[in-house]
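K.L.:
For reference, the structure I am asking about is given below.
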Amino acid sequence: MPADLLKLESVDLDRGVRRLLSGVSFVVREGDCWQMLGSNGSGKTSLMRAIAGLTRLGLQGDRVCTESVIYQGHLPGLKSLLSCRENLRWHGSGRVTDDFQKIDVALARVGLQGYEETEICQLSAGQQRRVGLARLWLSEAQLWLLDEPFTAIDVDGTAMLEAQIQRHCEAGGAVVFTSHQPTRMAALKMLDLNQYAA
Amino acid sequence: MLPELGTFLRFQAQRHLQAALRRPGDIVGPLIFFLMVVTLFPLGLGPDPAVLAALSPGILWVVALLSSLVVSGRLFQSDYEDGTLEQLALSPHPLALSAMVEVFCHWLLSGMSLALVSPVFAGLLNMPTQAMPVLMSSLALGTLCLSLIGAVAASLTVALRRGGVLLSLLSIPLTVPVLIFGTAAVREAALGYDPTSWLALLGALAAGGCVLAPFAIAAGLRISLEA
């Protein structure tokens with residue numbers, strides 16, 4: 001039986017005075033890949049931030065989550081005046097690395113070979129997203145929380161990211177992501193937030 | 001439990017300094033602001049050297065306070081806007097410490113640089129030379145206090161689009177003791193007395209601030225991230 005990485009039990013989520021979701025229950029086990037669906041404003045991002053532990057005020061109910069998490073939200077978390085390589089030396093869930101070779105490999109995987117020394121502010125929006133996503137190749141975190149990871153990413157990039165997500169799940173990790181696009185991933189579990197709308 | 005806390009903090013400091021040095025205008029700008037405001041006083045008060053010398057400790061300290069208010073508004077701004085703050089908050093390392101690293105770097109680049117060039121401005125106001133070392137040390141200690149106070153206010157206002165006025169309203173009342181001790185130290189030194197006790201009080205404020213402010217800053221930043 002694979003271990004639970006994340007467990008929500010009848011969770012209610014408020015934003016301000018408005019109740020967004022009520023009675024959300026789901027369990028993410030090792031090897032799971034969950035796609036979170038829901039119309040605009042249904043609370044996908046709010047729930048994602050609550051799962052990650054960024055917001056605590058509106059959350060009622062039981063949330064059990066592993067420590068080993070990487071969260072990639074709408075904001076890239078990159079310093080615009082530093083180069084790709086300098087930026088990727090650190091991310092929230094991990095330690096500081098001096099292994100530039102590993103960073104360069106990750107950058108090459110996301111199609112940014114040759115941009116290692118380029119400052120983030122000189123990259124396009126899609127390229128900046130790719131730098132942020134390169135962390136997924138560097139991270140040792142077990143649970144990936146990805147909020148709209150396919151935004152601004154082209155067709156090749158989408159396929160590459162899907163493959164990486166699947167690889168991670170096959171290796172015993174787990175992924176929860178939000179997206180409006182249908183994906184080609186196999187063994188995908190769906191969480192439709194519209195059914196929990198309060 | 002904390003993976004390589006020292007490496008992490010050193011890396012954060014290096015990152016802040018590196019990014020700041022690539023935009024030197026942000027460091028020089030507040031110093032020019034300071035210079036311009038100081039030159040307004042002889043125009044407003046009249047050019048009598050004796051009057052300017054007598055008022056110079058107060059003038060320099062008030063202007064230092066204003067310029068620290070101007071810069072502390074941006075303290076966590078870029079981290080909030082580009083999502084670095086989210087990553088710092090989710091990191092296993094305490095947010096209080098990573099925020100303190102940022103405040104220290106900010107103080108080095110704004111407060112310390114102001115303290116280092118302050119004798120030039122003091123010369124413009126005809127301040128007695130024997131007060132200059134005390135002016136520099138009081139500003140070095142005082143701007144650390146001001147940075148800490150500014151950081152607490154900035155942590156609470158960073159999520160607001162135009163938090164500048166609110167930031168001033170939150171921090172000015174708290175800066176009053178710093179201003180009193182700072183000007184007193186410089187005035188005593190200018191009159192030829194011993195300013196040590198005032199400097200010691202400033203040092204005590206700075207030391208106390210370094211211990212207590214990180215918790216307030218971390219709490220403020222977490223509240224801002226809730227928005």
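The way I read the labels, and the way they are meant: chains A, B, ... in the order of the structure tokens, residue 1 as the first residue of every chain, and ligand 1 as the first ligand shown, with later ones counted on from there.
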I'd like the neighbourhood of region 27-32 of chain A as a PDB file with C-alpha atoms, in the first residue's frame, where a residue qualifies if any of its atoms comes within 7 Å (using only C-alpha atoms), though same-chain residues fewer than 6 positions away should be ignored.
P.N.:
ATOM      1  CA  PRO A   2       1.623   3.298  -1.070  1.00  0.00           C
ATOM      2  CA  ALA A   3       2.016   5.889   1.681  1.00  0.00           C
ATOM      3  CA  ASP A   4      -0.218   8.957   1.934  1.00  0.00           C
ATOM      4  CA  LEU A   5       1.566  12.176   1.020  1.00  0.00           C
ATOM      5  CA  LEU A   6      -1.402  14.469   1.384  1.00  0.00           C
ATOM      6  CA  LYS A   7      -4.735  13.969   3.061  1.00  0.00           C
ATOM      7  CA  LEU A   8      -7.630  16.393   3.203  1.00  0.00           C
ATOM      8  CA  CYS A 169       4.872   9.577 -10.460  1.00  0.00           C
ATOM      9  CA  GLU A 170       6.358   6.324 -11.719  1.00  0.00           C
ATOM     10  CA  GLY A 172       7.027   7.008  -6.443  1.00  0.00           C
ATOM     11  CA  GLY A 173       6.381  10.741  -6.242  1.00  0.00           C
ATOM     12  CA  ALA A 174       3.041  12.455  -6.547  1.00  0.00           C
ATOM     13  CA  VAL A 175       1.763  15.478  -8.420  1.00  0.00           C
TER      14      VAL A 175
END
K.L.:
Set out as JSON lines a contact list for chain A and chain B with a cut-off of 12 Å, giving each residue of chain A that qualifies its closest atom pair and distance in Å to one decimal, counting only C-alpha atoms, ordered by chain and rising residue number.
P.N.:
{"residue": "A:Asp14", "atom": "CA", "partner": "B:Glu226", "partner_atom": "CA", "distance": 11.5}
{"residue": "A:Arg15", "atom": "CA", "partner": "B:Ala227", "partner_atom": "CA", "distance": 9.0}
{"residue": "A:Gly16", "atom": "CA", "partner": "B:Ala227", "partner_atom": "CA", "distance": 8.9}
{"residue": "A:Ser46", "atom": "CA", "partner": "B:Glu226", "partner_atom": "CA", "distance": 9.7}
{"residue": "A:Arg49", "atom": "CA", "partner": "B:Glu226", "partner_atom": "CA", "distance": 9.0}
{"residue": "A:Ala50", "atom": "CA", "partner": "B:Glu226", "partner_atom": "CA", "distance": 9.4}
{"residue": "A:Ile51", "atom": "CA", "partner": "B:Leu90", "partner_atom": "CA", "distance": 11.3}
{"residue": "A:Ala52", "atom": "CA", "partner": "B:Leu90", "partner_atom": "CA", "distance": 7.6}
{"residue": "A:Gly53", "atom": "CA", "partner": "B:Leu90", "partner_atom": "CA", "distance": 7.3}
{"residue": "A:Leu54", "atom": "CA", "partner": "B:Leu225", "partner_atom": "CA", "distance": 6.8}
{"residue": "A:Thr55", "atom": "CA", "partner": "B:Glu226", "partner_atom": "CA", "distance": 5.0}
{"residue": "A:Arg56", "atom": "CA", "partner": "B:Glu226", "partner_atom": "CA", "distance": 7.4}
{"residue": "A:Leu57", "atom": "CA", "partner": "B:Glu226", "partner_atom": "CA", "distance": 7.2}
{"residue": "A:Gly58", "atom": "CA", "partner": "B:Glu226", "partner_atom": "CA", "distance": 8.9}
{"residue": "A:Leu59", "atom": "CA", "partner": "B:Glu226", "partner_atom": "CA", "distance": 11.1}
{"residue": "A:Glu67", "atom": "CA", "partner": "B:Pro92", "partner_atom": "CA", "distance": 8.4}
{"residue": "A:Ser68", "atom": "CA", "partner": "B:Pro92", "partner_atom": "CA", "distance": 9.4}
{"residue": "A:Val69", "atom": "CA", "partner": "B:Leu90", "partner_atom": "CA", "distance": 8.5}
{"residue": "A:Ile70", "atom": "CA", "partner": "B:Leu90", "partner_atom": "CA", "distance": 8.4}
{"residue": "A:Tyr71", "atom": "CA", "partner": "B:Gln87", "partner_atom": "CA", "distance": 7.7}
{"residue": "A:Gln72", "atom": "CA", "partner": "B:Gln87", "partner_atom": "CA", "distance": 8.6}
{"residue": "A:Gly73", "atom": "CA", "partner": "B:Gly83", "partner_atom": "CA", "distance": 8.0}
{"residue": "A:His74", "atom": "CA", "partner": "B:Gly83", "partner_atom": "CA", "distance": 8.2}
{"residue": "A:Leu75", "atom": "CA", "partner": "B:Gly83", "partner_atom": "CA", "distance": 4.9}
{"residue": "A:Pro76", "atom": "CA", "partner": "B:Gly83", "partner_atom": "CA", "distance": 5.9}
{"residue": "A:Gly77", "atom": "CA", "partner": "B:Gly83", "partner_atom": "CA", "distance": 4.0}
{"residue": "A:Leu78", "atom": "CA", "partner": "B:Asp82", "partner_atom": "CA", "distance": 6.1}
{"residue": "A:Lys79", "atom": "CA", "partner": "B:Asp82", "partner_atom": "CA", "distance": 6.9}
{"residue": "A:Ser80", "atom": "CA", "partner": "B:Asp82", "partner_atom": "CA", "distance": 8.2}
{"residue": "A:Leu81", "atom": "CA", "partner": "B:Ala19", "partner_atom": "CA", "distance": 5.7}
{"residue": "A:Leu82", "atom": "CA", "partner": "B:Ala19", "partner_atom": "CA", "distance": 6.4}
{"residue": "A:Ser83", "atom": "CA", "partner": "B:Ala19", "partner_atom": "CA", "distance": 10.0}
{"residue": "A:Glu86", "atom": "CA", "partner": "B:Arg15", "partner_atom": "CA", "distance": 8.3}
{"residue": "A:Asn87", "atom": "CA", "partner": "B:Arg15", "partner_atom": "CA", "distance": 8.7}
{"residue": "A:Leu88", "atom": "CA", "partner": "B:Arg15", "partner_atom": "CA", "distance": 11.5}
{"residue": "A:Arg89", "atom": "CA", "partner": "B:Phe11", "partner_atom": "CA", "distance": 8.9}
{"residue": "A:Trp90", "atom": "CA", "partner": "B:Phe8", "partner_atom": "CA", "distance": 8.5}
{"residue": "A:His91", "atom": "CA", "partner": "B:Gln87", "partner_atom": "CA", "distance": 6.5}
{"residue": "A:Gly92", "atom": "CA", "partner": "B:Gln87", "partner_atom": "CA", "distance": 4.3}
{"residue": "A:Ser93", "atom": "CA", "partner": "B:Ser91", "partner_atom": "CA", "distance": 5.2}
{"residue": "A:Gly94", "atom": "CA", "partner": "B:Ser91", "partner_atom": "CA", "distance": 7.4}
{"residue": "A:Arg95", "atom": "CA", "partner": "B:Pro3", "partner_atom": "CA", "distance": 6.7}
{"residue": "A:Val96", "atom": "CA", "partner": "B:Phe8", "partner_atom": "CA", "distance": 6.0}
{"residue": "A:Thr97", "atom": "CA", "partner": "B:Thr7", "partner_atom": "CA", "distance": 9.3}
{"residue": "A:Asp98", "atom": "CA", "partner": "B:Phe11", "partner_atom": "CA", "distance": 10.3}
{"residue": "A:Glu119", "atom": "CA", "partner": "B:Ala19", "partner_atom": "CA", "distance": 10.6}
{"residue": "A:Ile120", "atom": "CA", "partner": "B:Asp82", "partner_atom": "CA", "distance": 11.2}
{"residue": "A:Cys121", "atom": "CA", "partner": "B:Asp82", "partner_atom": "CA", "distance": 11.3}
{"residue": "A:Gln128", "atom": "CA", "partner": "B:Asp82", "partner_atom": "CA", "distance": 11.1}
{"residue": "A:Arg129", "atom": "CA", "partner": "B:Asp82", "partner_atom": "CA", "distance": 11.8}
{"residue": "A:Gly132", "atom": "CA", "partner": "B:Gly83", "partner_atom": "CA", "distance": 10.6}
{"residue": "A:Arg135", "atom": "CA", "partner": "B:Gln87", "partner_atom": "CA", "distance": 11.9}
{"residue": "A:Ala141", "atom": "CA", "partner": "B:Ser91", "partner_atom": "CA", "distance": 11.6}
{"residue": "A:Leu145", "atom": "CA", "partner": "B:Leu90", "partner_atom": "CA", "distance": 11.9}
K.L.:
Where does DSSP see helix (DSSP H, G or I) in region 101-191 of chain A, if you list the residues as JSON, numbers by chain?
P.N.:
{"A": [101, 102, 103, 104, 105, 106, 107, 108, 109, 120, 121, 122, 125, 126, 127, 128, 129, 130, 131, 132, 133, 135, 136, 137, 138, 155, 156, 157, 158, 159, 160, 161, 162, 163, 164, 165, 166, 167, 168, 169, 170]}
K.L.:
Can you tell me, as a list in words, what residues are no more than 9 Å from region 163-178 of chain B when counting only C-alpha atoms, ignoring any on the same chain fewer than 2 positions away?
P.N.:
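Result of the neighbour search: Leu65, Leu69, Val70, Ser72, Gly73, Gly142, Thr143, Cys145, Leu146, Ile149, Gly150, Val152, Ala153, Ala154, Leu156, Thr157, Val158, Ala159, Leu160, Arg161, Ile180, Phe181, Gly182, Thr183, Leu201, Leu202 and Leu205 of chain B.
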K.L.:
Need the shell around Pro49 (chain B): protein/DNA/RNA residues with any atom at most 9 Å away, counting only C-alpha atoms. Skip same-chain ones fewer than 6 positions apart. Format as a list in words?
P.N.:
Pro42, Leu125, Asn126 and Met127 of chain B
K.L.:
Between CA of Met160 (chain A) and CA of Leu47 (chain A), what is the distance in Å, rounded to a tenth?
P.N.:
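Atom-to-atom, CA of Met160 (chain A) to CA of Leu47 (chain A), that is 26.0 Å.
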K.L.:
Which residue out of A:Asn194, A:Ser124, A:Ser22, A:Gln164 has the minimum interatomic distance to Leu136 (chain A) when only C-alpha atoms are used?
P.N.:
A:Gln164
K.L.:
In Å, rounded to a single decimal, give me how far CA of Phe177 (chain A) is from CA of Gly157 (chain A).
P.N.:
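A separation of 15.8 Å between them.
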K.L.:
Record the distance separating CA of Val117 (chain B) and CA of Leu60 (chain B), expressed in Å with one decimal.
P.N.:
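That distance, rounded to one decimal, is 11.8 Å.
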K.L.:
For Ser56 (chain B), list every protein, DNA or RNA residue within 12 Å, evaluated using only C-alpha atoms, and leave out those in the same chain fewer than 3 positions away; present the list as a PDB file with C-alpha atoms, in the first residue's frame.
P.N.:
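Everything below was put into around.pdb:
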ATOM      1  CA  VAL B  38      19.896  68.902   3.248  1.00  0.00           C
ATOM      2  CA  THR B  39      20.628  71.687   0.763  1.00  0.00           C
ATOM      3  CA  PHE B  41      17.623  73.904   4.750  1.00  0.00           C
ATOM      4  CA  PRO B  42      20.117  76.763   4.189  1.00  0.00           C
ATOM      5  CA  LEU B  45      16.539  78.948   7.262  1.00  0.00           C
ATOM      6  CA  ASP B  48      23.894  81.990   8.906  1.00  0.00           C
ATOM      7  CA  PRO B  49      26.636  79.409   9.729  1.00  0.00           C
ATOM      8  CA  ALA B  50      26.022  79.620  13.481  1.00  0.00           C
ATOM      9  CA  VAL B  51      22.303  78.866  13.117  1.00  0.00           C
ATOM     10  CA  LEU B  52      22.969  75.988  10.729  1.00  0.00           C
ATOM     11  CA  ALA B  53      25.632  74.518  13.008  1.00  0.00           C
ATOM     12  CA  ILE B  59      18.299  68.388  10.494  1.00  0.00           C
ATOM     13  CA  LEU B  60      20.601  65.509   9.551  1.00  0.00           C
ATOM     14  CA  TRP B  61      18.758  63.033  11.733  1.00  0.00           C
ATOM     15  CA  VAL B  62      15.291  63.991  10.510  1.00  0.00           C
ATOM     16  CA  VAL B  63      16.447  63.783   6.907  1.00  0.00           C
ATOM     17  CA  ALA B  64      18.066  60.402   7.581  1.00  0.00           C
ATOM     18  CA  SER B 118      27.226  61.751   6.261  1.00  0.00           C
ATOM     19  CA  PRO B 119      30.332  63.874   7.117  1.00  0.00           C
ATOM     20  CA  PHE B 121      26.474  66.528   4.384  1.00  0.00           C
ATOM     21  CA  ALA B 122      27.420  67.619   7.903  1.00  0.00           C
ATOM     22  CA  GLY B 123      30.107  69.840   6.373  1.00  0.00           C
ATOM     23  CA  LEU B 124      27.469  71.524   4.239  1.00  0.00           C
ATOM     24  CA  LEU B 125      25.654  72.507   7.434  1.00  0.00           C
ATOM     25  CA  ASN B 126      28.829  73.705   9.189  1.00  0.00           C
ATOM     26  CA  MET B 127      28.722  71.030  11.870  1.00  0.00           C
ATOM     27  CA  PRO B 128      31.770  71.084  14.190  1.00  0.00           C
ATOM     28  CA  ALA B 131      30.988  65.699  16.190  1.00  0.00           C
ATOM     29  CA  MET B 132      31.507  63.877  12.876  1.00  0.00           C
ATOM     30  CA  LEU B 135      27.368  61.444  13.774  1.00  0.00           C
ATOM     31  CA  THR B 183      20.195  63.816  17.890  1.00  0.00           C
ATOM     32  CA  ALA B 184      21.128  63.964  21.578  1.00  0.00           C
ATOM     33  CA  VAL B 186      25.390  64.349  18.084  1.00  0.00           C
ATOM     34  CA  ARG B 187      24.412  67.528  19.943  1.00  0.00           C
ATOM     35  CA  ALA B 190      29.111  69.066  19.036  1.00  0.00           C
TER      36      ALA B 190
END
K.L.:
Pick the closest to Gln35 (chain A) from A:Leu146, A:Leu20, A:Cys65, A:Val131: which is it, counting only C-alpha atoms?
P.N.:
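Of the candidates, the smallest distance to Gln35 (chain A) is held by A:Leu146.
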K.L.:
Neighbours of Val11 (chain A) within 6 Å (only C-alpha atoms; same-chain residues fewer than 6 positions away dropped), as a PDB file with C-alpha atoms, in the first residue's frame?
P.N.:
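Contents of out32.pdb, freshly written:
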ATOM      1  CA  GLY A  23     -16.409  19.191   2.372  1.00  0.00           C
ATOM      2  CA  VAL A  24     -13.365  18.574   0.164  1.00  0.00           C
ATOM      3  CA  GLN A  60     -11.081  24.443   8.349  1.00  0.00           C
ATOM      4  CA  GLY A  61     -10.777  20.715   8.644  1.00  0.00           C
TER       5      GLY A  61
END
